[in-house]
Structure formats: structure tokens, C-alpha cells
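Single-structure report; data block below.
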Amino acid sequence: CELYDKGFHRLGCIGCPMARKARIREFEMYPKYKEMYLRAFEKMIKRNKERGKKCTWNTAEEVMEWWLTQ
């Protein structure tokens with residue numbers, strides 16, 4: 001697969017937690033996927049607030065920052 005030629009050591013879902021820091025590079029290469037993650041995070045925050053659940057984050061960007069630094 002040509003992705004191995006581009007420096008990837010594993011293949012899987014874009015943004016997968018198992019990719020560790022490679023997620024940052026994946027989102028740079030495929031920005032539409034980052035946009036989709038941000039929309040999903042926005043929905044998660046909104047639903048948690050609607051249901052009265054505690055949410056650690058206030059914005060999708062805060063969730064993304066956490067996601068990429070874990």
C-alpha cells in the first residue's frame with residue numbers, strides 16, 4: 001500500500017486512538033475527516049447539555065485538542 005511509502009506504520013481508521021500522535025498528521029492529510037469529527041463532537045456536547053449531563057468540554061475544538069493529545 002502506498003501509505004506505507006508515505007511513512008505510515010499502521011493502517012486503520014483516520015483519527016483512531018491506536019494511531020497515537022499520527023492522528024495529527026492524518027487529520028492534516030485528510031481535513032474533511034477532521035471536520036466530521038468536529039461535527040460529531042459538537043453533537044455530543046449539545047446532547048449532553050440537553051440531557052443535563054456533565055460535560056468536560058465547551059467546544060468541539062476542546063474535544064479535538066484532548067483527542068489529539070491522549
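Letters A, B, ... go to the chains of the C-alpha cells in the order shown; residues in each chain start at 1; ligands are counted from 1 in the same order.
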
- Task: Compile the contact shell of Lys6 (chain A) as a list in words: residues with an atom at most 12 Å away, counting only C-alpha atoms, same-chain residues fewer than 4 positions apart removed.
- Result: Cys1, Glu2, Arg10, Leu11, Arg25, Glu26 and Met29 of chain A

Serialized selection, N, CA, C and O atoms, as a PDB file, in the first residue's frame:
ATOM      1  N   CYS A   1       0.839  -1.180   0.000  1.00  0.00           N
ATOM      2  CA  CYS A   1       0.000   0.000   0.000  1.00  0.00           C
ATOM      3  C   CYS A   1       0.886   1.246   0.000  1.00  0.00           C
ATOM      4  O   CYS A   1       1.878   1.314   0.737  1.00  0.00           O
ATOM      5  N   GLU A   2       0.514   2.211  -0.789  1.00  0.00           N
ATOM      6  CA  GLU A   2       1.316   3.432  -0.912  1.00  0.00           C
ATOM      7  C   GLU A   2       1.413   4.234   0.381  1.00  0.00           C
ATOM      8  O   GLU A   2       2.327   5.042   0.547  1.00  0.00           O
ATOM      9  N   ARG A  10       1.096   1.837  10.361  1.00  0.00           N
ATOM     10  CA  ARG A  10      -0.109   1.032  10.517  1.00  0.00           C
ATOM     11  C   ARG A  10      -1.222   1.687   9.715  1.00  0.00           C
ATOM     12  O   ARG A  10      -1.189   2.877   9.454  1.00  0.00           O
ATOM     13  N   LEU A  11      -2.182   0.894   9.324  1.00  0.00           N
ATOM     14  CA  LEU A  11      -3.333   1.410   8.588  1.00  0.00           C
ATOM     15  C   LEU A  11      -4.586   1.090   9.380  1.00  0.00           C
ATOM     16  O   LEU A  11      -4.705   0.041   9.981  1.00  0.00           O
ATOM     17  N   ARG A  25      -1.174  14.050  11.993  1.00  0.00           N
ATOM     18  CA  ARG A  25      -0.781  14.004  10.574  1.00  0.00           C
ATOM     19  C   ARG A  25      -1.927  13.533   9.699  1.00  0.00           C
ATOM     20  O   ARG A  25      -2.151  14.052   8.604  1.00  0.00           O
ATOM     21  N   GLU A  26      -2.672  12.540  10.163  1.00  0.00           N
ATOM     22  CA  GLU A  26      -3.802  12.038   9.380  1.00  0.00           C
ATOM     23  C   GLU A  26      -4.828  13.133   9.135  1.00  0.00           C
ATOM     24  O   GLU A  26      -5.322  13.287   8.019  1.00  0.00           O
ATOM     25  N   MET A  29      -3.631  15.510   6.532  1.00  0.00           N
ATOM     26  CA  MET A  29      -3.715  14.941   5.188  1.00  0.00           C
ATOM     27  C   MET A  29      -5.158  14.842   4.697  1.00  0.00           C
ATOM     28  O   MET A  29      -5.418  14.936   3.504  1.00  0.00           O
TER      29      MET A  29
END

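Counting only C-alpha atoms, the residue from A:Ile45, A:Met36, A:Cys55, A:Val63 that sits nearest to Ile14 (chain A) is A:Met36.
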
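CA of Glu42 (chain A) lies 6.8 Å from CA of Thr59 (chain A).
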
- Query: At what distance in Å, to one decimal, does CA of Asn58 (chain A) lie from CA of Tyr33 (chain A)?
  - Reply: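 According to the coordinates, CA of Tyr33 (chain A) and CA of Asn58 (chain A) are separated by 20.8 Å.
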
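Put simply, CA of Leu68 (chain A) is 6.8 Å away from CA of Lys21 (chain A).
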
- Could you pull the residues within 12 Å of Met64 (chain A), counting only C-alpha atoms, minus those fewer than 4 positions along the same chain, as a PyMOL selection string? chain A and resi 15+17+23-24+27+33-42+57-60+68-70

Please produce a file of the residues just selected, as an mmCIF file, in the first residue's frame, where the atoms kept are C-alpha atoms.
data_model
loop_
_atom_site.group_PDB
_atom_site.id
_atom_site.type_symbol
_atom_site.label_atom_id
_atom_site.label_comp_id
_atom_site.auth_asym_id
_atom_site.auth_seq_id
_atom_site.Cartn_x
_atom_site.Cartn_y
_atom_site.Cartn_z
ATOM 1 C CA GLY A 15 -8.199 9.521 13.795
ATOM 2 C CA PRO A 17 -6.731 6.347 19.097
ATOM 3 C CA ARG A 23 -3.672 11.226 14.220
ATOM 4 C CA ILE A 24 -2.463 14.807 13.880
ATOM 5 C CA PHE A 27 -6.119 14.985 10.000
ATOM 6 C CA TYR A 33 -12.341 13.803 8.363
ATOM 7 C CA LYS A 34 -11.300 16.347 10.974
ATOM 8 C CA GLU A 35 -14.389 18.407 10.086
ATOM 9 C CA MET A 36 -16.576 15.330 10.544
ATOM 10 C CA TYR A 37 -15.041 14.597 13.941
ATOM 11 C CA LEU A 38 -15.660 18.217 14.983
ATOM 12 C CA ARG A 39 -19.335 17.962 13.941
ATOM 13 C CA ALA A 40 -19.692 14.741 15.917
ATOM 14 C CA PHE A 41 -18.086 16.354 18.958
ATOM 15 C CA GLU A 42 -20.473 19.325 18.656
ATOM 16 C CA TRP A 57 -15.676 20.412 27.226
ATOM 17 C CA ASN A 58 -17.480 23.510 25.990
ATOM 18 C CA THR A 59 -16.454 23.382 22.334
ATOM 19 C CA ALA A 60 -15.706 20.792 19.684
ATOM 20 C CA LEU A 68 -5.143 14.507 19.741
ATOM 21 C CA THR A 69 -3.073 14.732 22.927
ATOM 22 C CA GLN A 70 -4.099 11.433 24.504
#

- Item | Those of chain A in DSSP helix (DSSP H, G or I), formatted as number ranges by chain | A: 2-5, 17-19, 22-29, 31-50, 60-69
